[in-house]
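Structure file data_17.pdb (PDB, C-alpha atoms) follows.
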```pdb
ATOM      1  CA  GLN A   1      47.027 -26.519   5.540
ATOM      2  CA  GLY A   2      48.084 -26.593   9.156
ATOM      3  CA  ARG A   3      50.919 -24.068   8.867
ATOM      4  CA  ASP A   4      50.521 -20.734  10.569
ATOM      5  CA  TRP A   5      49.323 -18.186   8.023
ATOM      6  CA  GLU A   6      51.917 -15.617   9.126
ATOM      7  CA  GLU A   7      54.729 -18.060   8.288
ATOM      8  CA  VAL A   8      53.193 -18.757   4.903
ATOM      9  CA  GLY A   9      52.796 -15.026   4.431
ATOM     10  CA  LEU A  10      56.539 -14.504   4.766
ATOM     11  CA  VAL A  11      56.960 -16.720   1.709
ATOM     12  CA  LEU A  12      54.052 -15.433  -0.338
ATOM     13  CA  ILE A  13      53.834 -11.726   0.500
ATOM     14  CA  MET A  14      56.169 -10.863  -2.361
ATOM     15  CA  ALA A  15      53.708 -12.560  -4.702
ATOM     16  CA  ARG A  16      51.017 -10.047  -3.675
ATOM     17  CA  LYS A  17      51.559  -7.567  -6.462
ATOM     18  CA  PHE A  18      50.317  -4.102  -5.486
ATOM     19  CA  PHE A  19      46.913  -3.414  -7.042
ATOM     20  CA  VAL A  20      45.403   0.000  -7.750
ATOM     21  CA  GLY A  21      41.865   0.131  -9.079
ATOM     22  CA  GLY A  22      40.069   3.224 -10.257
ATOM     23  CA  ASN A  23      36.271   3.245 -10.175
ATOM     24  CA  TRP A  24      34.800   5.875 -12.483
ATOM     25  CA  LYS A  25      31.283   4.940 -11.319
ATOM     26  CA  CYS A  26      28.552   6.642 -13.398
ATOM     27  CA  ASN A  27      30.757   9.514 -14.555
ATOM     28  CA  GLY A  28      32.528  10.834 -17.596
ATOM     29  CA  THR A  29      32.055  11.921 -21.186
ATOM     30  CA  THR A  30      34.050  11.018 -24.255
ATOM     31  CA  THR A  31      35.822  14.361 -24.006
ATOM     32  CA  SER A  32      36.516  14.361 -20.267
ATOM     33  CA  LEU A  33      37.775  10.791 -20.148
ATOM     34  CA  THR A  34      39.973  11.244 -23.214
ATOM     35  CA  GLU A  35      41.538  14.305 -21.580
ATOM     36  CA  LEU A  36      42.039  12.363 -18.341
ATOM     37  CA  CYS A  37      43.808   9.518 -20.110
ATOM     38  CA  LEU A  38      46.047  11.978 -21.954
ATOM     39  CA  ALA A  39      47.030  13.533 -18.623
ATOM     40  CA  TRP A  40      47.900  10.119 -17.214
ATOM     41  CA  LYS A  41      49.999   9.317 -20.272
ATOM     42  CA  ALA A  42      51.947  12.532 -19.730
ATOM     43  CA  ALA A  43      52.823  11.543 -16.157
ATOM     44  CA  ASP A  44      55.648   9.288 -15.005
ATOM     45  CA  THR A  45      55.119   5.718 -16.161
ATOM     46  CA  PRO A  46      54.585   3.229 -13.314
ATOM     47  CA  ASP A  47      56.548  -0.008 -13.209
ATOM     48  CA  LEU A  48      53.796  -2.435 -14.158
ATOM     49  CA  GLU A  49      55.971  -5.319 -12.996
ATOM     50  CA  LYS A  50      55.343  -4.011  -9.471
ATOM     51  CA  VAL A  51      51.830  -2.556  -9.663
ATOM     52  CA  GLU A  52      48.679  -3.707 -11.456
ATOM     53  CA  VAL A  53      46.388  -0.873 -12.554
ATOM     54  CA  VAL A  54      42.748  -1.632 -13.377
ATOM     55  CA  ILE A  55      40.170   1.014 -14.266
ATOM     56  CA  ALA A  56      36.488   0.180 -13.752
ATOM     57  CA  THR A  57      34.557   2.119 -16.348
ATOM     58  CA  PRO A  58      30.881   2.577 -17.130
ATOM     59  CA  ALA A  59      30.054  -0.135 -19.653
ATOM     60  CA  VAL A  60      29.450   2.415 -22.409
ATOM     61  CA  HIS A  61      32.979   3.811 -21.969
ATOM     62  CA  ALA A  62      34.890   0.519 -21.725
ATOM     63  CA  HIS A  63      35.970   0.528 -25.372
ATOM     64  CA  LEU A  64      37.048   4.173 -25.194
ATOM     65  CA  ALA A  65      39.058   3.464 -22.063
ATOM     66  CA  ARG A  66      40.823   0.508 -23.642
ATOM     67  CA  GLU A  67      41.813   2.733 -26.573
ATOM     68  CA  LYS A  68      42.887   5.759 -24.541
ATOM     69  CA  LEU A  69      44.356   4.470 -21.261
ATOM     70  CA  PRO A  70      48.146   4.287 -20.843
ATOM     71  CA  ASP A  71      49.707   1.079 -22.118
ATOM     72  CA  GLY A  72      49.376  -1.753 -19.645
ATOM     73  CA  PHE A  73      46.406  -0.330 -17.742
ATOM     74  CA  LYS A  74      43.545  -2.825 -17.713
ATOM     75  CA  VAL A  75      39.802  -2.220 -18.003
ATOM     76  CA  SER A  76      37.156  -3.602 -15.658
ATOM     77  CA  LEU A  77      33.394  -3.472 -15.803
ATOM     78  CA  GLN A  78      31.559  -2.292 -12.684
ATOM     79  CA  ASN A  79      28.959  -5.049 -12.507
ATOM     80  CA  CYS A  80      27.619  -8.078 -14.320
ATOM     81  CA  TRP A  81      24.529 -10.240 -14.376
ATOM     82  CA  ILE A  82      24.125 -13.038 -11.845
ATOM     83  CA  GLY A  83      24.526 -15.858 -14.368
ATOM     84  CA  LYS A  84      24.366 -16.749 -18.032
ATOM     85  CA  GLY A  85      22.987 -14.092 -20.346
ATOM     86  CA  GLY A  86      19.541 -14.276 -21.877
ATOM     87  CA  ALA A  87      16.261 -12.413 -21.595
ATOM     88  CA  TYR A  88      17.504  -9.918 -18.998
ATOM     89  CA  THR A  89      16.979  -6.478 -20.482
ATOM     90  CA  GLY A  90      19.604  -3.948 -19.467
ATOM     91  CA  GLU A  91      22.060  -6.475 -18.046
ATOM     92  CA  VAL A  92      25.611  -7.349 -19.121
ATOM     93  CA  SER A  93      26.734 -10.952 -18.694
ATOM     94  CA  ALA A  94      30.129 -12.235 -17.637
ATOM     95  CA  GLU A  95      30.351 -14.036 -20.990
ATOM     96  CA  MET A  96      29.981 -10.723 -22.829
ATOM     97  CA  ILE A  97      32.696  -9.105 -20.739
ATOM     98  CA  ALA A  98      35.087 -11.995 -21.325
ATOM     99  CA  ASP A  99      34.222 -12.183 -25.034
ATOM    100  CA  LEU A 100      35.284  -8.561 -25.489
ATOM    101  CA  GLY A 101      38.602  -9.246 -23.797
ATOM    102  CA  TYR A 102      38.056  -7.389 -20.546
ATOM    103  CA  GLU A 103      39.677  -9.177 -17.630
ATOM    104  CA  TRP A 104      37.971  -7.794 -14.514
ATOM    105  CA  VAL A 105      34.640  -6.949 -12.954
ATOM    106  CA  VAL A 106      33.794  -5.124  -9.721
ATOM    107  CA  LEU A 107      31.105  -6.899  -7.694
ATOM    108  CA  GLY A 108      29.382  -6.108  -4.411
ATOM    109  CA  HIS A 109      30.270  -2.436  -4.289
ATOM    110  CA  SER A 110      28.545  -0.792  -1.343
ATOM    111  CA  GLU A 111      26.494   1.388  -3.649
ATOM    112  CA  ARG A 112      24.996  -1.721  -5.204
ATOM    113  CA  ARG A 113      24.492  -3.278  -1.777
ATOM    114  CA  ASN A 114      22.928  -0.221  -0.147
ATOM    115  CA  ILE A 115      21.267   2.081  -2.702
ATOM    116  CA  GLN A 116      17.553   1.589  -2.167
ATOM    117  CA  GLU A 117      16.805   0.869  -5.836
ATOM    118  CA  LEU A 118      19.417  -1.905  -6.006
ATOM    119  CA  LYS A 119      19.903  -3.561  -2.597
ATOM    120  CA  GLU A 120      21.999  -6.545  -3.699
ATOM    121  CA  SER A 121      22.192  -9.215  -0.997
ATOM    122  CA  ASP A 122      25.283 -11.087   0.196
ATOM    123  CA  GLU A 123      23.921 -14.137  -1.625
ATOM    124  CA  THR A 124      23.522 -12.240  -4.895
ATOM    125  CA  VAL A 125      27.042 -10.835  -4.708
ATOM    126  CA  ALA A 126      28.469 -14.273  -3.934
ATOM    127  CA  THR A 127      26.590 -15.920  -6.793
ATOM    128  CA  LYS A 128      27.746 -13.234  -9.211
ATOM    129  CA  THR A 129      31.319 -13.653  -8.003
ATOM    130  CA  ALA A 130      31.353 -17.405  -8.489
ATOM    131  CA  TYR A 131      29.797 -17.144 -11.946
ATOM    132  CA  ALA A 132      32.157 -14.396 -13.127
ATOM    133  CA  LEU A 133      35.126 -16.468 -11.967
ATOM    134  CA  SER A 134      33.748 -19.488 -13.823
ATOM    135  CA  GLN A 135      33.873 -17.416 -17.016
ATOM    136  CA  GLY A 136      37.529 -16.554 -16.498
ATOM    137  CA  LEU A 137      37.121 -13.037 -15.146
ATOM    138  CA  GLY A 138      39.006 -11.591 -12.223
ATOM    139  CA  VAL A 139      36.724 -10.213  -9.523
ATOM    140  CA  ILE A 140      37.227  -7.192  -7.303
ATOM    141  CA  ALA A 141      34.887  -8.286  -4.524
ATOM    142  CA  CYS A 142      33.824  -5.424  -2.251
ATOM    143  CA  ILE A 143      32.901  -5.676   1.404
ATOM    144  CA  GLY A 144      32.520  -3.145   4.195
ATOM    145  CA  GLU A 145      30.424  -1.863   7.069
ATOM    146  CA  LEU A 146      28.022   1.050   7.465
ATOM    147  CA  LEU A 147      28.758   3.815   9.982
ATOM    148  CA  GLU A 148      26.120   2.554  12.407
ATOM    149  CA  GLU A 149      27.605  -0.945  12.191
ATOM    150  CA  ARG A 150      31.089   0.362  13.026
ATOM    151  CA  GLU A 151      29.740   2.442  15.920
ATOM    152  CA  ALA A 152      27.945  -0.646  17.238
ATOM    153  CA  GLY A 153      31.211  -2.616  17.201
ATOM    154  CA  LYS A 154      30.036  -4.870  14.369
ATOM    155  CA  THR A 155      32.744  -4.106  11.793
ATOM    156  CA  GLN A 156      34.259  -7.559  11.770
ATOM    157  CA  ASP A 157      30.905  -9.330  12.040
ATOM    158  CA  VAL A 158      29.672  -7.555   8.900
ATOM    159  CA  ASN A 159      32.874  -8.127   6.938
ATOM    160  CA  GLU A 160      33.029 -11.793   7.897
ATOM    161  CA  ARG A 161      29.380 -12.303   6.969
ATOM    162  CA  GLN A 162      29.918 -10.766   3.526
ATOM    163  CA  LEU A 163      33.181 -12.630   3.005
ATOM    164  CA  LYS A 164      31.726 -15.954   4.162
ATOM    165  CA  ALA A 165      28.956 -15.700   1.556
ATOM    166  CA  ILE A 166      31.655 -15.482  -1.111
ATOM    167  CA  ALA A 167      33.847 -18.178   0.451
ATOM    168  CA  ASP A 168      30.910 -20.584   0.486
ATOM    169  CA  LYS A 169      30.725 -20.412  -3.317
ATOM    170  CA  VAL A 170      34.350 -19.904  -4.383
ATOM    171  CA  SER A 171      37.039 -22.574  -4.482
ATOM    172  CA  ASP A 172      39.739 -20.869  -6.578
ATOM    173  CA  TRP A 173      40.837 -17.525  -5.103
ATOM    174  CA  SER A 174      43.649 -16.829  -7.553
ATOM    175  CA  LYS A 175      41.588 -14.229  -9.444
ATOM    176  CA  VAL A 176      39.870 -12.639  -6.454
ATOM    177  CA  VAL A 177      40.890  -9.268  -5.040
ATOM    178  CA  ILE A 178      39.058  -8.299  -1.848
ATOM    179  CA  ALA A 179      38.277  -4.598  -1.567
ATOM    180  CA  TYR A 180      37.562  -3.465   1.984
ATOM    181  CA  GLU A 181      35.544  -0.278   1.682
ATOM    182  CA  PRO A 182      34.053   1.076   4.909
ATOM    183  CA  VAL A 183      30.830   2.630   3.656
ATOM    184  CA  TRP A 184      31.168   5.594   6.022
ATOM    185  CA  ALA A 185      34.407   6.579   4.250
ATOM    186  CA  ILE A 186      33.229   6.373   0.632
ATOM    187  CA  GLY A 187      32.894   9.795  -0.944
ATOM    188  CA  THR A 188      32.628  11.478   2.467
ATOM    189  CA  GLY A 189      36.153  12.786   2.799
ATOM    190  CA  LYS A 190      36.506  10.621   5.911
ATOM    191  CA  VAL A 191      39.120   7.927   5.668
ATOM    192  CA  ALA A 192      40.052   5.051   7.913
ATOM    193  CA  THR A 193      43.320   5.734   9.673
ATOM    194  CA  PRO A 194      46.238   3.574   8.557
ATOM    195  CA  GLU A 195      45.917   1.723  11.857
ATOM    196  CA  GLN A 196      42.174   1.116  11.363
ATOM    197  CA  ALA A 197      42.725  -0.139   7.822
ATOM    198  CA  GLN A 198      45.558  -2.435   8.882
ATOM    199  CA  GLU A 199      43.525  -3.820  11.778
ATOM    200  CA  VAL A 200      40.612  -4.786   9.523
ATOM    201  CA  HIS A 201      42.827  -6.135   6.732
ATOM    202  CA  ALA A 202      44.776  -8.271   9.188
ATOM    203  CA  ALA A 203      41.532  -9.614  10.652
ATOM    204  CA  LEU A 204      40.243 -10.477   7.176
ATOM    205  CA  ARG A 205      43.464 -12.306   6.375
ATOM    206  CA  ALA A 206      43.220 -14.220   9.637
ATOM    207  CA  TRP A 207      39.622 -15.163   8.816
ATOM    208  CA  LEU A 208      40.703 -16.477   5.416
ATOM    209  CA  SER A 209      43.431 -18.515   7.087
ATOM    210  CA  SER A 210      40.996 -20.098   9.532
ATOM    211  CA  ASN A 211      38.114 -20.625   7.111
ATOM    212  CA  VAL A 212      39.704 -21.138   3.676
ATOM    213  CA  SER A 213      43.445 -21.858   3.890
ATOM    214  CA  ALA A 214      46.723 -20.359   5.015
ATOM    215  CA  GLU A 215      47.889 -20.179   1.407
ATOM    216  CA  VAL A 216      44.806 -18.253   0.271
ATOM    217  CA  ALA A 217      45.133 -15.913   3.241
ATOM    218  CA  ALA A 218      48.745 -15.146   2.424
ATOM    219  CA  SER A 219      48.357 -14.769  -1.336
ATOM    220  CA  THR A 220      44.998 -12.968  -1.715
ATOM    221  CA  ARG A 221      45.287  -9.243  -2.218
ATOM    222  CA  ILE A 222      43.188  -7.146   0.167
ATOM    223  CA  ILE A 223      42.906  -3.542  -0.988
ATOM    224  CA  TYR A 224      41.433  -0.501   0.750
ATOM    225  CA  GLY A 225      38.829   1.928  -0.580
ATOM    226  CA  GLY A 226      37.199   4.949   0.982
ATOM    227  CA  SER A 227      38.262   8.536   0.214
ATOM    228  CA  VAL A 228      41.759   7.449  -0.835
ATOM    229  CA  SER A 229      43.631  10.431  -2.254
ATOM    230  CA  PRO A 230      47.151  11.561  -3.142
ATOM    231  CA  LYS A 231      47.380  13.038   0.368
ATOM    232  CA  ASN A 232      46.785   9.827   2.324
ATOM    233  CA  CYS A 233      47.752   6.981  -0.006
ATOM    234  CA  ASP A 234      51.402   6.661   1.009
ATOM    235  CA  GLU A 235      50.727   6.160   4.735
ATOM    236  CA  LEU A 236      48.082   3.575   3.906
ATOM    237  CA  ALA A 237      50.258   1.771   1.346
ATOM    238  CA  VAL A 238      53.010   0.990   3.837
ATOM    239  CA  GLN A 239      50.671  -1.041   6.053
ATOM    240  CA  PRO A 240      51.695  -4.705   5.750
ATOM    241  CA  ASP A 241      48.221  -6.060   4.931
ATOM    242  CA  VAL A 242      47.124  -3.230   2.624
ATOM    243  CA  ASP A 243      47.859  -4.478  -0.884
ATOM    244  CA  GLY A 244      46.576  -1.482  -2.814
ATOM    245  CA  PHE A 245      43.476   0.617  -3.329
ATOM    246  CA  LEU A 246      40.109   0.908  -5.003
ATOM    247  CA  VAL A 247      39.656   4.612  -5.663
ATOM    248  CA  GLY A 248      36.452   6.428  -6.617
ATOM    249  CA  GLY A 249      36.345  10.188  -7.121
ATOM    250  CA  ALA A 250      40.108  10.643  -7.068
ATOM    251  CA  SER A 251      40.428   8.281 -10.057
ATOM    252  CA  LEU A 252      38.720  10.912 -12.212
ATOM    253  CA  LYS A 253      41.566  13.372 -11.662
ATOM    254  CA  PRO A 254      44.984  13.704 -13.303
ATOM    255  CA  ASP A 255      46.816  13.254  -9.990
ATOM    256  CA  PHE A 256      45.419   9.733  -9.591
ATOM    257  CA  THR A 257      48.874   8.815 -10.882
ATOM    258  CA  THR A 258      50.169   9.799  -7.426
ATOM    259  CA  VAL A 259      47.957   7.104  -5.884
ATOM    260  CA  ILE A 260      49.288   4.593  -8.395
ATOM    261  CA  ALA A 261      52.855   5.609  -7.487
ATOM    262  CA  SER A 262      52.246   4.734  -3.826
ATOM    263  CA  TYR A 263      53.429   1.212  -4.699
ATOM    264  CA  THR A 264      56.963   2.609  -4.493
ATOM    265  CA  HIS A 265      56.540   2.934  -0.716
ATOM    266  CA  LYS A 266      55.769  -0.742  -0.239
ATOM    267  CA  ALA A 267      58.653  -2.576   1.410
TER     268      ALA A 267
END
```
Show this structure as structure tokens.
Amino acid sequence: QGRDWEEVGLVLIMARKFFVGGNWKCNGTTTSLTELCLAWKAADTPDLEKVEVVIATPAVHAHLAREKLPDGFKVSLQNCWIGKGGAYTGEVSAEMIADLGYEWVVLGHSERRNIQELKESDETVATKTAYALSQGLGVIACIGELLEEREAGKTQDVNERQLKAIADKVSDWSKVVIAYEPVWAIGTGKVATPEQAQEVHAALRAWLSSNVSAEVAASTRIIYGGSVSPKNCDELAVQPDVDGFLVGGASLKPDFTTVIASYTHKA
């Protein structure tokens, strides 16, 4: 507990398997997604001993994705209900996701936090995260600041507030992947520089060390999202605290396999 997290990190960094998530959001048809999966199958096969690939699909396409994705790619849902299922029309519970054999769920994505019709709070995201973990799911927990928050110098304050809400409810971090997604970079074509991404990721890891444990800080994967593309993924991947990506629009294209292959640049 008292060991410096950087020393622990030297031991555990190799255990942080590179993680590439694709987020299809509210996109795709049976035809377009089948064609996409066929294109991925035709590409070079990644070494899944070194990279974990998880595709977050619309709920209605999860079964199709499981059938059509390359072998070894996993399927995630993009959201789940806050607790046990019941009389909650339109919702999907963590129990349902687990029952169907899906291993992951994305929670707290900035679109769910910030779109006016949704506006999920830090507390809601944290409660969902804890409940999904209790049902055996892995959680891709998203955090990140708005442009005005970055310009006001509040980047770390916002990220720590969102992360603390989760930390207050979670005791086992072994199935948590933190996705840092600066909202100003999502779908805008703007991307954090490798130095900006590394600075935030390192600060998040330091916060985990101080507020959770050195072991959790060293072993938890922190991935970057925000206009990641085949053109910028390699320079981001080599940053020591960037453990992979959560990719939106680019994950709907055949050359998403280039983003997956960025794991080969990790030392």
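Minimum distance to His61 in chain A across A:Gly85, A:Thr34, A:Glu49, A:Val139 (counting all atoms listed in the file) occurs at A:Thr34.
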_Give me, as a ChimeraX atom specification, all polymer residues having an atom no more than 8 Å from Thr220 in chain A, counting all atoms listed in the file and skipping those fewer than 2 positions away in the same chain._
/A:16,173-174,176-178,216-218,222
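Picked out by the PyMOL selection byres ((chain A and resi 237) around 10) when it runs on this file: Phe18, Pro194, Gln198, Ile223, Tyr224, Asn232, Cys233, Asp234, Glu235, Leu236, Val238, Gln239, Pro240, Asp241, Val242, Asp243, Gly244, Phe245, Val259, Ala261, Ser262, Tyr263, Thr264, His265, Lys266 and Ala267 of chain A.
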Let me see the file: selected residues, C-alpha atoms, as a tab-separated table (two decimals), in the coordinates of the input.
```
chain	number	residue	atom	x	y	z
A	18	PHE	CA	50.32	-4.10	-5.49
A	194	PRO	CA	46.24	3.57	8.56
A	198	GLN	CA	45.56	-2.44	8.88
A	223	ILE	CA	42.91	-3.54	-0.99
A	224	TYR	CA	41.43	-0.50	0.75
A	232	ASN	CA	46.78	9.83	2.32
A	233	CYS	CA	47.75	6.98	-0.01
A	234	ASP	CA	51.40	6.66	1.01
A	235	GLU	CA	50.73	6.16	4.74
A	236	LEU	CA	48.08	3.58	3.91
A	238	VAL	CA	53.01	0.99	3.84
A	239	GLN	CA	50.67	-1.04	6.05
A	240	PRO	CA	51.70	-4.70	5.75
A	241	ASP	CA	48.22	-6.06	4.93
A	242	VAL	CA	47.12	-3.23	2.62
A	243	ASP	CA	47.86	-4.48	-0.88
A	244	GLY	CA	46.58	-1.48	-2.81
A	245	PHE	CA	43.48	0.62	-3.33
A	259	VAL	CA	47.96	7.10	-5.88
A	261	ALA	CA	52.86	5.61	-7.49
A	262	SER	CA	52.25	4.73	-3.83
A	263	TYR	CA	53.43	1.21	-4.70
A	264	THR	CA	56.96	2.61	-4.49
A	265	HIS	CA	56.54	2.93	-0.72
A	266	LYS	CA	55.77	-0.74	-0.24
A	267	ALA	CA	58.65	-2.58	1.41
```
*For the structure shown, which residues end up in the PyMOL selection byres ((chain A and resi 69-83) around 7)? Put them as JSON, numbers by chain, please?*
{"A": [37, 40, 41, 53, 54, 55, 56, 57, 58, 59, 62, 65, 66, 67, 68, 84, 85, 91, 92, 93, 94, 102, 103, 104, 105, 106, 107, 127, 128, 131]}
*Restricting the calculation to all atoms listed in the file, which member of A:Leu137, A:Ile260, A:Ala98, A:Val60 is positioned closest to Asp47 in chain A?*
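Among the listed residues, the smallest separation from Asp47 in chain A belongs to A:Ile260.
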Write out as a PDB file with C-alpha atoms, in the coordinates of the input the residues lying within 9 Å of range 152-163 of chain A, counting all atoms listed in the file and excluding same-chain residues fewer than 4 positions away.
```pdb
ATOM      1  CA  ASP A 122      25.283 -11.087   0.196  1.00  0.00           C
ATOM      2  CA  GLU A 123      23.921 -14.137  -1.625  1.00  0.00           C
ATOM      3  CA  VAL A 125      27.042 -10.835  -4.708  1.00  0.00           C
ATOM      4  CA  ALA A 126      28.469 -14.273  -3.934  1.00  0.00           C
ATOM      5  CA  ALA A 141      34.887  -8.286  -4.524  1.00  0.00           C
ATOM      6  CA  CYS A 142      33.824  -5.424  -2.251  1.00  0.00           C
ATOM      7  CA  ILE A 143      32.901  -5.676   1.404  1.00  0.00           C
ATOM      8  CA  GLY A 144      32.520  -3.145   4.195  1.00  0.00           C
ATOM      9  CA  GLU A 145      30.424  -1.863   7.069  1.00  0.00           C
ATOM     10  CA  LEU A 146      28.022   1.050   7.465  1.00  0.00           C
ATOM     11  CA  LEU A 147      28.758   3.815   9.982  1.00  0.00           C
ATOM     12  CA  GLU A 148      26.120   2.554  12.407  1.00  0.00           C
ATOM     13  CA  ALA A 167      33.847 -18.178   0.451  1.00  0.00           C
ATOM     14  CA  ASP A 168      30.910 -20.584   0.486  1.00  0.00           C
ATOM     15  CA  ILE A 178      39.058  -8.299  -1.848  1.00  0.00           C
ATOM     16  CA  TYR A 180      37.562  -3.465   1.984  1.00  0.00           C
ATOM     17  CA  PRO A 182      34.053   1.076   4.909  1.00  0.00           C
ATOM     18  CA  VAL A 200      40.612  -4.786   9.523  1.00  0.00           C
ATOM     19  CA  ALA A 203      41.532  -9.614  10.652  1.00  0.00           C
ATOM     20  CA  LEU A 204      40.243 -10.477   7.176  1.00  0.00           C
ATOM     21  CA  TRP A 207      39.622 -15.163   8.816  1.00  0.00           C
ATOM     22  CA  LEU A 208      40.703 -16.477   5.416  1.00  0.00           C
TER      23      LEU A 208
END
```
*Selected by the PyMOL selection byres ((chain A and resi 251) around 12) in the shown coordinates: which residues, as a VMD selection string?*
chain A and resid 20 to 25 27 to 28 33 36 to 37 40 53 to 57 187 225 to 230 245 to 250 252 to 260
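CA of Lys231 in chain A is found 19.7 Å from CA of Thr45 in chain A.
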Please rebuild range 207-214 of chain A with all heavy atoms and return the result as a short mmCIF file (atom, residue, chain, number, x, y, z; two decimals), in the frame of the given file.
```
data_model
loop_
_atom_site.label_atom_id
_atom_site.label_comp_id
_atom_site.auth_asym_id
_atom_site.auth_seq_id
_atom_site.Cartn_x
_atom_site.Cartn_y
_atom_site.Cartn_z
N TRP A 207 40.86 -14.42 9.07
CA TRP A 207 39.62 -15.16 8.82
C TRP A 207 39.81 -16.11 7.63
O TRP A 207 39.39 -17.27 7.68
CB TRP A 207 38.46 -14.20 8.55
CG TRP A 207 37.14 -14.90 8.45
CD1 TRP A 207 36.25 -15.13 9.46
CD2 TRP A 207 36.56 -15.51 7.28
NE1 TRP A 207 35.16 -15.83 9.00
CE2 TRP A 207 35.32 -16.08 7.66
CE3 TRP A 207 36.97 -15.62 5.95
CZ2 TRP A 207 34.49 -16.74 6.76
CZ3 TRP A 207 36.14 -16.30 5.05
CH2 TRP A 207 34.92 -16.85 5.45
N LEU A 208 40.44 -15.62 6.57
CA LEU A 208 40.70 -16.48 5.42
C LEU A 208 41.57 -17.67 5.81
O LEU A 208 41.34 -18.79 5.36
CB LEU A 208 41.39 -15.67 4.31
CG LEU A 208 40.53 -14.69 3.52
CD1 LEU A 208 41.40 -13.85 2.59
CD2 LEU A 208 39.46 -15.42 2.70
N SER A 209 42.56 -17.43 6.66
CA SER A 209 43.43 -18.52 7.09
C SER A 209 42.65 -19.59 7.84
O SER A 209 42.83 -20.78 7.60
CB SER A 209 44.55 -17.96 7.97
OG SER A 209 45.40 -19.00 8.41
N SER A 210 41.76 -19.15 8.71
CA SER A 210 41.00 -20.10 9.53
C SER A 210 39.89 -20.80 8.76
O SER A 210 39.55 -21.95 9.06
CB SER A 210 40.39 -19.36 10.73
OG SER A 210 41.39 -18.84 11.56
N ASN A 211 39.32 -20.12 7.76
CA ASN A 211 38.11 -20.62 7.11
C ASN A 211 38.30 -21.08 5.66
O ASN A 211 37.43 -21.75 5.12
CB ASN A 211 37.02 -19.56 7.17
CG ASN A 211 36.57 -19.28 8.58
OD1 ASN A 211 35.73 -19.97 9.12
ND2 ASN A 211 37.16 -18.26 9.21
N VAL A 212 39.42 -20.69 5.05
CA VAL A 212 39.70 -21.14 3.68
C VAL A 212 41.02 -21.91 3.70
O VAL A 212 41.03 -23.12 3.69
CB VAL A 212 39.74 -19.95 2.68
CG1 VAL A 212 40.00 -20.47 1.26
CG2 VAL A 212 38.43 -19.16 2.73
N SER A 213 42.15 -21.20 3.74
CA SER A 213 43.44 -21.86 3.89
C SER A 213 44.50 -20.81 4.17
O SER A 213 44.34 -19.62 3.86
CB SER A 213 43.84 -22.65 2.63
OG SER A 213 44.26 -21.77 1.60
N ALA A 214 45.61 -21.27 4.74
CA ALA A 214 46.72 -20.36 5.01
C ALA A 214 47.29 -19.79 3.72
O ALA A 214 47.68 -18.62 3.66
CB ALA A 214 47.81 -21.09 5.80
#
```
